[in-house]
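Text of coords_18.cif (mmCIF, C-alpha atoms) as supplied:
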```
data_input
loop_
_atom_site.label_atom_id
_atom_site.label_comp_id
_atom_site.auth_asym_id
_atom_site.auth_seq_id
_atom_site.Cartn_x
_atom_site.Cartn_y
_atom_site.Cartn_z
CA MET X 275 54.93 78.44 86.18
CA ASN X 276 57.90 80.84 86.06
CA PHE X 277 60.63 80.93 83.41
CA GLN X 278 63.13 78.86 85.40
CA GLU X 279 60.60 76.06 85.84
CA ARG X 280 59.65 76.17 82.17
CA LYS X 281 63.33 76.19 81.20
CA ARG X 282 64.00 73.01 83.19
CA LYS X 283 61.05 71.26 81.55
CA ILE X 284 62.02 72.41 78.05
CA LEU X 285 65.66 71.36 78.45
CA ALA X 286 64.64 67.96 79.83
CA ALA X 287 62.26 67.36 76.92
CA VAL X 288 64.78 68.41 74.27
CA ASP X 289 67.53 66.38 75.93
CA GLU X 290 65.34 63.28 75.93
CA SER X 291 64.22 63.59 72.30
CA GLY X 292 67.30 65.21 70.75
CA SER X 293 65.19 67.76 68.90
CA LEU X 294 61.59 68.96 69.02
CA SER X 295 59.46 71.45 67.14
CA VAL X 296 57.73 74.35 68.87
CA PHE X 297 54.39 72.62 68.49
CA GLU X 298 55.70 69.29 69.82
CA LEU X 299 57.05 71.07 72.89
CA ALA X 300 53.80 72.99 73.34
CA GLU X 301 51.78 69.78 73.27
CA LYS X 302 54.23 67.83 75.43
CA LEU X 303 54.49 70.51 78.13
CA SER X 304 50.97 71.97 77.90
CA MET X 305 52.24 75.44 77.05
CA SER X 306 51.30 77.85 74.28
CA PRO X 307 53.48 77.94 71.14
CA ALA X 308 54.08 81.68 71.75
CA THR X 309 55.49 80.97 75.21
CA ILE X 310 57.65 78.14 73.86
CA ARG X 311 59.08 80.37 71.12
CA ARG X 312 59.89 83.12 73.61
CA ASP X 313 61.50 80.69 76.05
CA LEU X 314 63.51 78.95 73.33
CA HIS X 315 64.91 82.33 72.31
CA ASP X 316 66.03 83.10 75.87
CA ILE X 317 67.40 79.59 76.51
CA ALA X 318 69.35 79.64 73.24
CA ASN X 319 70.83 83.01 74.25
CA GLU X 320 72.20 81.24 77.33
CA GLY X 321 73.87 78.69 75.05
CA LEU X 322 71.89 75.78 76.52
CA LEU X 323 70.33 74.57 73.27
CA LEU X 324 70.43 75.29 69.55
CA ARG X 325 67.49 76.93 67.80
CA THR X 326 66.43 75.23 64.59
CA HIS X 327 63.88 76.21 61.98
CA GLY X 328 60.64 75.74 63.88
CA GLY X 329 62.08 74.31 67.08
CA ALA X 330 65.23 73.41 69.00
CA MET X 331 67.84 70.69 69.38
CA LYS X 332 70.18 69.72 72.18
CA ILE X 333 73.88 70.46 72.20
CA GLU X 334 76.34 67.65 72.84
CA ASN X 335 77.66 67.95 76.41
CA GLN X 336 81.33 68.33 75.56
CA VAL X 337 80.57 71.09 73.06
CA LEU X 338 78.17 72.83 75.42
CA THR X 339 80.71 72.95 78.24
CA SER X 340 83.29 74.83 76.20
CA PHE X 341 81.00 77.48 74.76
CA THR X 342 78.80 78.17 77.78
CA ALA X 343 81.74 78.26 80.17
CA LYS X 344 83.27 80.97 78.02
CA SER X 345 79.93 82.74 77.63
CA ASP X 346 79.34 82.88 81.39
CA THR X 347 82.66 84.63 82.11
CA ASN X 348 82.09 88.37 82.81
CA GLU X 349 78.51 87.89 81.61
CA ASP X 350 77.19 91.35 82.48
CA ASN X 351 80.10 93.17 80.87
CA LYS X 352 79.86 91.08 77.73
CA GLU X 353 76.16 91.84 77.42
CA LYS X 354 76.79 95.58 77.66
CA ILE X 355 79.62 95.39 75.11
CA ALA X 356 77.44 93.42 72.68
CA ALA X 357 74.59 95.93 73.00
CA LEU X 358 77.01 98.78 72.31
CA ALA X 359 78.53 97.06 69.27
CA ALA X 360 75.10 96.37 67.78
CA GLU X 361 74.41 100.11 67.76
CA TYR X 362 77.10 100.40 65.08
CA VAL X 363 75.19 98.10 62.71
CA THR X 364 72.82 99.94 60.38
CA ASP X 365 70.03 98.58 58.21
CA GLY X 366 71.39 97.13 54.97
CA ASP X 367 74.87 96.39 56.33
CA ILE X 368 76.86 93.33 55.29
CA ILE X 369 78.73 92.18 58.38
CA PHE X 370 81.18 89.50 59.45
CA LEU X 371 80.56 87.98 62.89
CA ASP X 372 83.18 85.66 64.37
CA CYS X 373 82.65 82.85 66.88
CA GLY X 374 83.46 84.82 70.04
CA SER X 375 81.05 84.56 72.96
CA THR X 376 80.67 88.35 73.21
CA VAL X 377 79.98 88.65 69.49
CA PHE X 378 77.31 85.95 69.88
CA ARG X 379 75.50 88.18 72.37
CA MET X 380 74.97 90.75 69.61
CA CYS X 381 72.34 88.46 68.07
CA ARG X 382 69.39 89.57 70.21
CA TYR X 383 70.05 93.21 69.24
CA LEU X 384 70.66 92.46 65.56
CA LYS X 385 67.18 90.97 65.30
CA LYS X 386 65.86 94.53 65.48
CA LYS X 387 67.75 95.47 62.30
CA HIS X 388 66.38 95.20 58.76
CA GLY X 389 68.00 94.02 55.56
CA ILE X 390 71.37 93.09 57.03
CA LYS X 391 73.47 90.21 55.74
CA VAL X 392 75.46 88.21 58.31
CA ILE X 393 78.46 86.13 57.23
CA THR X 394 79.72 83.98 60.08
CA ASN X 395 81.73 80.91 61.05
CA SER X 396 79.75 80.51 64.29
CA LEU X 397 77.20 77.70 64.58
CA PRO X 398 75.47 79.28 67.62
CA ILE X 399 75.04 82.56 65.72
CA MET X 400 73.61 80.69 62.75
CA ALA X 401 71.18 78.79 65.00
CA GLU X 402 70.15 81.95 66.85
CA LEU X 403 69.43 84.04 63.73
CA ILE X 404 68.04 81.39 61.41
CA ASP X 405 64.41 82.19 62.23
CA THR X 406 64.82 85.97 61.72
CA PRO X 407 63.31 86.82 58.29
CA ALA X 408 64.89 90.29 58.12
CA ILE X 409 68.44 88.86 58.32
CA ASN X 410 70.15 87.14 55.39
CA LEU X 411 72.59 84.46 56.60
CA ASN X 412 75.73 83.02 55.06
CA LEU X 413 77.50 80.22 56.95
CA ILE X 414 81.18 79.93 56.14
CA GLY X 415 82.10 76.45 54.91
CA GLY X 416 85.00 74.33 56.11
CA GLU X 417 86.10 72.09 58.96
CA ILE X 418 84.03 72.08 62.16
CA ASP X 419 85.86 72.84 65.40
CA LYS X 420 83.64 71.05 67.93
CA GLN X 421 85.14 72.78 70.96
CA ARG X 422 84.53 76.25 69.56
CA LYS X 423 81.33 75.29 67.72
CA ALA X 424 82.76 77.09 64.72
CA VAL X 425 84.10 76.56 61.21
CA HIS X 426 87.84 76.87 60.65
CA GLY X 427 90.54 75.77 58.21
CA HIS X 428 91.81 76.66 54.74
CA LYS X 429 88.41 76.26 53.05
CA ALA X 430 86.87 78.65 55.57
CA ILE X 431 89.53 81.25 54.84
CA GLU X 432 88.97 80.86 51.08
CA HIS X 433 85.26 81.38 51.68
CA ILE X 434 85.85 84.59 53.65
CA ASP X 435 88.28 85.85 51.02
CA SER X 436 85.54 85.57 48.39
CA TYR X 437 83.40 88.17 50.20
CA HIS X 438 83.60 91.77 51.27
CA ALA X 439 81.75 93.17 54.27
CA HIS X 440 81.03 96.69 55.36
CA LYS X 441 81.95 95.81 58.95
CA ALA X 442 83.57 92.98 60.90
CA PHE X 443 82.84 92.34 64.57
CA ILE X 444 85.47 90.14 66.16
CA GLY X 445 86.49 88.86 69.56
CA ILE X 446 90.09 88.64 70.65
CA ASP X 447 92.12 86.51 73.07
CA GLY X 448 94.51 89.30 73.99
CA LEU X 449 95.16 92.95 73.13
CA SER X 450 97.81 95.39 74.30
CA ALA X 451 99.48 98.63 73.30
CA GLN X 452 102.80 96.80 73.13
CA ASN X 453 101.90 93.72 71.07
CA GLY X 454 98.64 94.54 69.31
CA LEU X 455 96.31 91.62 68.62
CA THR X 456 97.17 88.16 69.92
CA ALA X 457 95.50 84.74 69.87
CA HIS X 458 95.70 81.34 71.58
CA SER X 459 95.78 79.35 68.34
CA GLU X 460 96.61 79.59 64.65
CA HIS X 461 93.02 78.60 63.85
CA GLU X 462 91.72 81.66 65.66
CA SER X 463 94.32 84.08 64.31
CA SER X 464 93.96 82.95 60.68
CA ILE X 465 90.18 83.30 60.67
CA THR X 466 90.30 86.67 62.42
CA SER X 467 92.94 87.89 59.95
CA ALA X 468 90.69 86.88 57.06
CA PHE X 469 87.78 88.84 58.51
CA ILE X 470 90.01 91.87 59.01
CA ARG X 471 91.40 91.99 55.48
CA ASN X 472 87.97 91.61 53.87
CA ALA X 473 85.99 94.28 55.76
CA SER X 474 85.98 98.05 55.44
CA GLN X 475 85.61 98.69 59.17
CA ILE X 476 86.93 96.49 61.98
CA TYR X 477 85.38 96.48 65.44
CA VAL X 478 86.87 94.46 68.30
CA LEU X 479 84.71 93.35 71.23
CA CYS X 480 86.88 92.68 74.26
CA ASP X 481 86.13 92.81 77.97
CA SER X 482 88.67 94.65 80.10
CA SER X 483 90.11 91.45 81.62
CA LYS X 484 91.81 90.65 78.27
CA ILE X 485 93.29 94.09 77.68
CA GLY X 486 96.97 94.38 78.52
CA LYS X 487 97.32 90.59 78.43
CA ASP X 488 99.02 88.92 75.48
CA SER X 489 98.56 85.45 74.08
CA HIS X 490 101.47 83.76 72.34
CA ILE X 491 100.50 84.32 68.69
CA LYS X 492 100.88 87.89 67.43
CA PHE X 493 98.88 88.43 64.25
CA GLY X 494 97.87 92.06 63.92
CA SER X 495 98.61 95.65 64.89
CA LEU X 496 96.27 98.12 66.54
CA ASP X 497 96.13 100.29 63.43
CA MET X 498 94.15 97.51 61.72
CA ILE X 499 91.20 98.24 64.04
CA ASN X 500 88.72 101.09 63.70
CA CYS X 501 87.34 100.81 67.21
CA LEU X 502 87.59 98.78 70.43
CA PHE X 503 84.44 98.15 72.45
CA THR X 504 85.08 97.28 76.08
CA ASP X 505 83.59 97.72 79.55
CA ALA X 506 83.88 100.53 82.05
CA ASN X 507 86.28 98.53 84.25
CA LEU X 508 89.17 99.19 81.88
CA ASP X 509 92.16 100.56 83.77
CA ALA X 510 92.77 104.22 82.92
CA ALA X 511 96.48 103.68 82.23
CA LYS X 512 95.77 100.82 79.84
CA LYS X 513 93.15 102.87 78.03
CA LYS X 514 95.56 105.79 77.69
CA GLY X 515 98.22 103.47 76.25
CA LEU X 516 95.79 102.29 73.56
CA VAL X 517 94.50 105.79 72.79
CA ASP X 518 98.09 107.08 72.53
CA LYS X 519 98.61 104.42 69.83
CA GLY X 520 95.73 105.97 67.88
CA LEU X 521 93.04 103.42 68.77
CA GLU X 522 89.50 104.64 69.41
CA VAL X 523 88.23 103.05 72.62
CA VAL X 524 84.51 103.11 73.45
CA THR X 525 83.39 101.83 76.84
CA ALA X 526 79.92 100.47 77.49
CA LYS X 527 77.96 102.27 80.19
#
```

Now, as a test, write the supplied structure out as structure tokens.
Amino acid sequence: MNFQERKRKILAAVDESGSLSVFELAEKLSMSPATIRRDLHDIANEGLLLRTHGGAMKIENQVLTSFTAKSDTNEDNKEKIAALAAEYVTDGDIIFLDCGSTVFRMCRYLKKKHGIKVITNSLPIMAELIDTPAINLNLIGGEIDKQRKAVHGHKAIEHIDSYHAHKAFIGIDGLSAQNGLTAHSEHESSITSAFIRNASQIYVLCDSSKIGKDSHIKFGSLDMINCLFTDANLDAAKKKGLVDKGLEVVTAK
């Protein structure tokens, strides 16, 4: 049985039961626990279910649609950007991770790190890393945004303001040499601003399709960022405009 066939069986079983442990799935589907664990990891990376301690649970359809639709956009470029960004995390780092779909893709690479502390408002990131002993997790408290599968609101901002991180890895709705950092909503901009002001180094993960395009809420300038990670499709003129503003731009190979 190949992975795609196993994935269909696993998703059907989890959807029917709501949640299942690794051993329940292994017994139900006549597979080894090791295979189930490996497959759950890969399926969770696709955003199709949530990993729990010792198993997995289904994601409500309306929540799944929003996150996976965003995750699937420019999938290959996002994966390369995430891999690049993870190279900038060193053992022992305290890092902020926001709820962006590209930032989420860092998880598989962060599992290779040791002694890092992750502070996040992202439920998918929490679910993906919860079974990794070498990573210390802190979930930001506050109001749940079901569409973004993330925590937002005043309480969340207060929580972030009570911490300091070595590095923050954030996604962005829009970025340009003319208008700096922009967002679609006040929820997004306020959380991102909190991450920025409470970290020593700020790294933005943004595929080239968002660069040069502005959303309607301006909330930060380019000089607030240490580095922009993007893909190799970035237009040369746009890159020059950002570099001329003093921004370091690193493109994923």

Item to complete: Show which residues sit within 8 Å of Lys492 in chain X, as a list in words. Count all atoms listed in the file, and ignore same-chain residues fewer than 3 positions away.
Response: Asn453, Gly454, Leu455, Thr456, Ala457 and Ser489 of chain X

Fill in: Close residues, range 399-409 of chain X itself excluded, 9 Å, only C-alpha atoms, min 5 positions apart in chain, as a PyMOL selection string
chain X and resi 315+318-319+324-328+330+371-373+377-379+381-382+384-392+394

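Of the listed residues (X:Ala430, X:Met331, X:Ile465, X:Ala300), X:Ala430 comes nearest to Gly416 in chain X; the distances count only C-alpha atoms.
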
Item to complete: Report as a PyMOL selection string the residues that result from applying the PyMOL selection byres ((chain X and resi 323) around 12) to the structure here.
Response: chain X and resi 281-282+284-289+292-294+313-322+324-326+329-335+337-339+341-342+397-399+401-402

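With distances taken over all atoms listed in the file, X:Ser436 is the one residue among X:Ser495, X:Gln421, X:Ser450, X:Ser436 lying closest to Ala473 in chain X.
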
Worksheet, complete the sentence: In terms of all atoms listed in the file, the residue from X:Cys480, X:Ala442, X:Ala526, X:Val425 at minimal distance from Asp367 in chain X is X:Ala442

Practice prompt. Taking the file as shown, find all residues satisfying the PyMOL selection byres ((chain X and resi 513) around 12) and write them as a ChimeraX atom specification.
Written response: /X:449-451,482,485-486,502-512,514-525

Fill in: Picked residues, the PyMOL selection byres ((chain X and resi 275) around 12), expected as a list in words
Asn276, Phe277, Gln278, Glu279, Arg280, Lys281, Arg282, Lys283, Leu303, Ser304, Met305 and Thr309 of chain X

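Note that CA of Met380 in chain X and CA of Ile310 in chain X are 21.8 Å apart.
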
Worksheet, complete the sentence: Min atom-atom distance to Gly374 in chain X from the set X:Val478, X:Leu411, X:Lys429, X:Asn351, counting all atoms listed in the file, belongs to X:Val478

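Nearest to Phe469 in chain X of all the residues X:Asp447, X:Asp435, X:Asp481, X:Asp497 is X:Asp435, based on all atoms listed in the file.
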
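Taking CA of Ile369 in chain X and CA of Lys487 in chain X as the two end points, the separation is 27.4 Å.
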